[in-house]
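Data file: target_20.cif. Format and content: mmCIF, C-alpha atoms.
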```
data_model
#
loop_
_atom_site.label_atom_id
_atom_site.label_comp_id
_atom_site.auth_asym_id
_atom_site.auth_seq_id
_atom_site.Cartn_x
_atom_site.Cartn_y
_atom_site.Cartn_z
CA MET A 12 112.47 91.13 100.86
CA MET A 13 113.93 94.65 100.85
CA LYS A 14 117.43 93.32 100.16
CA ARG A 15 116.12 91.34 97.19
CA ILE A 16 114.36 94.39 95.72
CA ILE A 17 117.52 96.51 96.07
CA GLU A 18 119.48 93.83 94.23
CA ILE A 19 116.93 93.86 91.39
CA VAL A 20 117.09 97.66 91.09
CA VAL A 21 120.91 97.72 91.02
CA PHE A 22 121.02 94.89 88.48
CA SER A 23 118.51 96.69 86.24
CA PHE A 24 120.58 99.87 86.32
CA LEU A 25 123.79 98.00 85.50
CA ALA A 26 122.04 96.21 82.64
CA VAL A 27 120.91 99.53 81.13
CA MET A 28 124.45 100.91 81.48
CA SER A 29 125.85 97.81 79.75
CA VAL A 30 123.50 98.23 76.81
CA GLN A 31 124.55 101.86 76.59
CA SER A 32 128.25 100.93 76.47
CA VAL A 33 127.64 98.35 73.72
CA HIS A 34 126.27 101.06 71.47
CA ALA A 35 128.84 103.64 72.51
CA GLN A 36 130.31 103.87 68.99
CA GLU A 37 126.99 104.63 67.25
CA ARG A 38 126.67 108.39 67.40
CA THR A 39 123.43 110.08 66.31
CA VAL A 40 122.11 113.63 66.31
CA GLN A 41 120.99 114.68 69.78
CA ASN A 42 117.44 115.92 70.35
CA ARG A 43 117.03 118.81 72.80
CA PRO A 44 120.77 118.98 73.61
CA TYR A 45 120.42 121.76 76.23
CA THR A 46 117.37 120.49 78.13
CA ASP A 47 119.44 119.09 81.03
CA LEU A 48 121.20 122.41 81.56
CA ARG A 49 118.04 124.09 82.87
CA LYS A 50 118.25 124.88 86.58
CA PHE A 51 114.60 124.03 87.19
CA HIS A 52 111.80 122.56 85.09
CA PHE A 53 108.26 121.14 85.39
CA GLY A 54 106.42 118.18 83.94
CA ILE A 55 103.49 115.80 84.29
CA LEU A 56 103.31 112.11 85.14
CA VAL A 57 100.94 109.22 84.54
CA GLY A 58 101.36 105.59 85.37
CA ALA A 59 100.07 102.30 86.72
CA HIS A 60 100.91 100.45 89.90
CA LEU A 61 100.35 97.26 91.86
CA GLN A 62 99.71 97.51 95.59
CA ASP A 63 99.68 95.05 98.46
CA LEU A 64 99.46 95.01 102.25
CA GLU A 65 101.81 92.82 104.28
CA PHE A 66 99.90 91.75 107.40
CA VAL A 67 101.07 90.51 110.79
CA ASN A 68 98.22 88.45 112.21
CA VAL A 69 97.49 88.33 115.95
CA GLY A 70 96.57 84.63 116.08
CA PRO A 71 94.30 83.28 118.86
CA GLN A 72 92.42 86.00 120.69
CA VAL A 73 89.76 86.40 123.38
CA VAL A 74 86.86 88.68 122.46
CA THR A 75 84.50 90.22 125.01
CA ALA A 76 80.86 90.28 123.93
CA GLU A 77 78.35 93.03 124.78
CA ASP A 78 76.91 90.95 127.66
CA GLY A 79 80.36 90.66 129.22
CA SER A 80 81.00 87.05 128.23
CA THR A 81 84.18 86.04 126.46
CA VAL A 82 84.70 83.88 123.40
CA ASP A 83 87.81 82.45 121.76
CA ALA A 84 88.48 83.59 118.20
CA LEU A 85 91.03 82.74 115.54
CA VAL A 86 90.89 84.81 112.36
CA THR A 87 93.65 85.24 109.77
CA THR A 88 93.74 88.10 107.29
CA ASP A 89 95.47 88.29 103.93
CA GLN A 90 95.52 90.29 100.74
CA ASP A 91 95.85 87.34 98.41
CA ARG A 92 96.74 89.29 95.25
CA TRP A 93 98.46 92.41 94.03
CA ASP A 94 95.74 94.93 93.14
CA ALA A 95 96.17 97.27 90.19
CA GLY A 96 95.69 101.04 90.21
CA PHE A 97 96.72 104.19 88.38
CA THR A 98 98.65 107.36 89.14
CA VAL A 99 98.49 110.97 87.92
CA GLY A 100 100.46 114.00 89.02
CA VAL A 101 102.94 116.77 88.30
CA LEU A 102 106.62 117.29 89.03
CA GLY A 103 109.24 119.94 89.59
CA GLU A 104 112.92 119.08 89.22
CA LEU A 105 115.99 120.99 90.38
CA ARG A 106 119.38 120.43 88.75
CA LEU A 107 122.05 120.07 91.45
CA ASN A 108 125.01 119.28 89.21
CA THR A 109 125.88 117.21 86.15
CA ASN A 110 124.75 113.90 87.66
CA PHE A 111 122.35 114.72 90.49
CA GLN A 112 118.82 116.14 90.42
CA PHE A 113 116.27 116.70 93.17
CA ARG A 114 112.63 116.03 92.25
CA VAL A 115 109.36 116.88 93.97
CA ALA A 116 106.38 115.02 92.49
CA PRO A 117 102.89 115.61 93.96
CA ALA A 118 100.57 112.85 92.71
CA MET A 119 97.43 110.84 93.42
CA TYR A 120 97.35 107.04 93.63
CA PHE A 121 93.98 105.36 93.02
CA GLY A 122 93.38 101.67 93.64
CA THR A 123 91.66 98.95 95.66
CA HIS A 124 92.72 96.43 98.29
CA HIS A 125 90.93 93.06 98.41
CA PHE A 126 91.14 91.32 101.79
CA THR A 127 90.17 87.75 102.71
CA PHE A 128 89.44 86.71 106.32
CA HIS A 129 89.44 83.06 107.46
CA ASN A 130 87.50 82.39 110.67
CA TYR A 131 88.78 79.08 112.07
CA LYS A 132 86.29 79.13 114.94
CA ASP A 133 83.33 79.31 112.55
CA LEU A 134 83.41 76.34 110.20
CA THR A 135 81.19 75.55 107.23
CA PRO A 136 79.29 72.20 107.09
CA GLU A 137 82.24 70.90 105.06
CA GLY A 138 84.60 71.70 107.92
CA VAL A 139 86.29 74.63 106.15
CA ALA A 140 86.98 77.96 107.84
CA ARG A 141 84.29 80.46 106.96
CA GLN A 142 85.51 83.36 104.79
CA GLU A 143 84.66 87.04 104.78
CA HIS A 144 85.81 89.54 102.15
CA GLN A 145 86.42 93.26 102.04
CA ALA A 146 87.15 95.51 99.07
CA MET A 147 88.77 98.73 100.25
CA LYS A 148 89.09 101.58 97.78
CA VAL A 149 92.06 103.85 98.40
CA ALA A 150 92.97 107.29 97.11
CA TYR A 151 96.35 108.59 98.23
CA ILE A 152 97.54 112.17 97.90
CA SER A 153 101.31 111.97 97.87
CA SER A 154 104.33 114.22 97.43
CA ALA A 155 107.52 112.32 96.65
CA PHE A 156 110.92 113.84 97.41
CA ASP A 157 113.51 112.03 95.30
CA LEU A 158 117.23 112.28 94.69
CA ILE A 159 118.20 111.17 91.18
CA PHE A 160 121.64 109.99 90.12
CA ALA A 161 121.93 109.93 86.31
CA GLY A 162 124.65 108.41 84.19
CA PRO A 163 126.20 110.27 81.26
CA ARG A 164 123.93 111.00 78.33
CA PHE A 165 124.67 109.18 75.11
CA ASN A 166 122.76 110.11 71.96
CA ASN A 167 119.10 110.37 73.03
CA HIS A 168 118.97 108.31 76.22
CA ARG A 169 120.31 108.56 79.76
CA PRO A 170 119.82 105.91 82.51
CA TYR A 171 119.45 106.82 86.16
CA MET A 172 118.77 105.53 89.65
CA MET A 173 116.55 107.24 92.21
CA ALA A 174 115.70 107.03 95.92
CA GLY A 175 113.57 109.11 98.23
CA ILE A 176 110.65 109.34 100.65
CA ASN A 177 106.98 109.75 99.85
CA PRO A 178 104.52 110.91 102.55
CA VAL A 179 100.88 110.15 101.69
CA ILE A 180 97.41 111.04 102.94
CA ASN A 181 94.65 108.46 102.56
CA LEU A 182 91.34 110.05 101.53
CA SER A 183 89.23 106.85 101.46
CA ASN A 184 88.08 105.27 104.71
CA LYS A 185 84.80 103.72 105.92
CA ASP A 186 83.83 103.29 109.54
CA ASP A 187 81.78 100.12 108.92
CA ASP A 188 84.53 98.05 107.23
CA PHE A 189 86.33 95.16 108.91
CA LEU A 190 89.64 97.01 108.60
CA LYS A 191 90.43 100.69 108.34
CA LEU A 192 93.71 102.33 107.35
CA ARG A 193 95.32 105.25 109.11
CA ARG A 194 95.01 108.66 107.51
CA THR A 195 98.75 109.07 106.87
CA ASP A 196 101.68 106.87 105.87
CA LEU A 197 105.30 107.30 104.80
CA PHE A 198 106.92 105.33 101.99
CA LEU A 199 110.57 104.66 101.22
CA GLU A 200 110.99 104.45 97.45
CA PHE A 201 113.78 103.56 95.07
CA GLY A 202 113.98 102.52 91.45
CA VAL A 203 115.53 102.89 88.01
CA GLY A 204 114.58 104.72 84.85
CA CYS A 205 115.88 106.11 81.60
CA ASP A 206 115.48 109.49 79.91
CA PHE A 207 114.53 109.40 76.23
CA TYR A 208 115.09 112.69 74.43
CA LEU A 209 112.42 113.09 71.78
CA PRO A 210 112.19 116.01 69.32
CA PHE A 211 109.57 117.94 71.31
CA PHE A 212 109.84 116.64 74.89
CA LYS A 213 111.72 114.28 77.18
CA LEU A 214 110.06 110.98 78.09
CA ARG A 215 111.13 109.23 81.29
CA PRO A 216 109.83 105.69 82.02
CA GLU A 217 110.57 104.72 85.62
CA LEU A 218 110.09 101.52 87.60
CA LYS A 219 110.13 102.02 91.35
CA PHE A 220 109.38 100.10 94.52
CA MET A 221 107.64 101.71 97.50
CA TYR A 222 107.56 100.27 101.02
CA GLY A 223 105.56 101.70 103.91
CA LEU A 224 107.66 102.60 106.95
CA THR A 225 104.77 102.86 109.43
CA ASN A 226 102.00 100.57 110.63
CA CYS A 227 99.09 101.67 108.44
CA ILE A 228 96.31 99.87 110.37
CA ASP A 229 93.99 102.10 112.42
CA LYS A 230 93.88 100.24 115.74
CA SER A 231 91.24 102.57 117.19
CA HIS A 232 88.79 101.44 114.51
CA VAL A 233 87.47 98.66 116.76
CA ASN A 234 85.90 101.32 119.03
CA GLN A 235 83.92 102.76 116.11
CA LEU A 236 82.27 99.52 114.99
CA ARG A 237 78.49 99.37 115.15
CA ASP A 238 78.38 95.69 114.27
CA ARG A 239 80.16 94.03 117.21
CA SER A 240 80.36 90.71 115.35
CA LYS A 241 83.15 92.25 113.27
CA ILE A 242 85.45 92.68 116.27
CA PRO A 243 87.35 89.36 115.79
CA TYR A 244 88.10 90.37 112.20
CA THR A 245 89.13 93.92 113.08
CA GLN A 246 91.41 92.73 115.89
CA SER A 247 92.92 89.91 113.81
CA VAL A 248 95.69 92.18 112.48
CA ASN A 249 98.42 93.68 114.64
CA ASP A 250 100.54 95.36 111.97
CA ALA A 251 100.40 96.04 108.24
CA ARG A 252 102.91 97.58 105.82
CA ALA A 253 101.90 98.88 102.40
CA LYS A 254 103.90 97.89 99.31
CA ILE A 255 103.62 99.40 95.84
CA ILE A 256 105.34 98.59 92.55
CA ALA A 257 104.86 101.56 90.21
CA LEU A 258 105.58 102.06 86.53
CA THR A 259 105.47 105.79 85.85
CA PHE A 260 105.91 107.86 82.70
CA TYR A 261 107.20 111.41 83.15
CA PHE A 262 106.75 113.97 80.39
CA GLU A 263 109.10 116.95 80.70
#
```
Represent the structure contained in this file as structure tokens.
Amino acid sequence: MMKRIIEIVVFSFLAVMSVQSVHAQERTVQNRPYTDLRKFHFGILVGAHLQDLEFVNVGPQVVTAEDGSTVDALVTTDQDRWDAGFTVGVLGELRLNTNFQFRVAPAMYFGTHHFTFHNYKDLTPEGVARQEHQAMKVAYISSAFDLIFAGPRFNNHRPYMMAGINPVINLSNKDDDFLKLRRTDLFLEFGVGCDFYLPFFKLRPELKFMYGLTNCIDKSHVNQLRDRSKIPYTQSVNDARAKIIALTFYFE
């Protein structure tokens, strides 16, 4: 999966560079010709994203009831769609040299995860596994640290590639949900973008992929449950990694 995403990012960057070379003979007047010479500058960002959780299910399990008896359980968990959200934040960017910049971008990611649980030990009259659902709202405070490699500017556009890390803090958690996420996570992110130099500001659309490096499931959540019937669902997941595809617009 990660290898495939890297291939897509590299191909997208090469495609932008190819388009740039095709038009290399068409010179136009440059807007804001000295903007990239600034040592440091600020900006704002807005965008949309799709988020998903990649689960590793436990499979068959033995659950101990309150009276000490045990029962077999088999529950599978899945986020069966990519859920949409939005992003807002600010940025500060340091010019390292002609081609490299270092960017710090504090932001907030708002969205929702929709989970579906299939209980194969509790069947409906039709013989189908009974389903439970959970909608988990998330609000991440993040601060991305990115290294940007930009190609040469031609006229009023300049393509680039970026990679970095993005630590996040999750502000939304409920103790009575089936699943609960850990308070912190760390994302690896990489993507492509292009600077467009407009008369009054620089616009930077960027497509990036973010992959969680840590297990984001709170395994201690099972000890906080008041409704003990939720235990098979809470313990159905052993590991989960967050994934985000983000389209962000930077205004500098």
Problem - Spatial neighbours of region 168-177 of chain A, max dist 7 Å, all atoms listed in the file, sep filter under 4 positions, as an MDAnalysis selection string - result: chainID A and resid 24 27:28 153:164 197:208
Problem - Two-atom distance - CA of Lys185 (chain A), CA of Lys254 (chain A) (Å) - result: 21.0 Å
Handout entry: For Val86 (chain A), the nearest of the candidates A:Phe126, A:Tyr131, A:Phe113, A:Tyr261, counting all atoms listed in the file
Key = A:Tyr131
Problem - Proximity to Phe53 (chain A) - best of A:Arg252, A:His144, A:Lys213, A:His129, only C-alpha atoms - result: A:Lys213
Handout entry: Residue with smallest distance to Lys219 (chain A) - pool A:Asn184, A:Thr195, A:Thr259, A:Asn234, counting all atoms listed in the file
Key =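 Between A:Asn184, A:Thr195, A:Thr259, A:Asn234, the residue approaching Lys219 (chain A) most closely is A:Thr259.
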Handout entry: For CA of Gln112 (chain A) and CA of Thr46 (chain A), the interatomic separation in Å (one decimal)
Key =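 Distance reported for this atom pair: 13.1 Å.
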Exercise for the section: List the residues matched by the PyMOL selection byres ((chain A and resi 139-142) around 12) in the displayed structure as a ChimeraX atom specification, ordered by chain and then by residue number. Expected result: /A:84-89,126-138,143-145,244
Exercise for the section: Name all residues at most 10 Å from Leu102 (chain A) (count all atoms listed in the file; drop same-chain ones fewer than 2 positions away) and give them as a VMD selection string. Expected result: chain A and resid 52 to 56 100 104 114 to 118 154 to 155 261 to 263
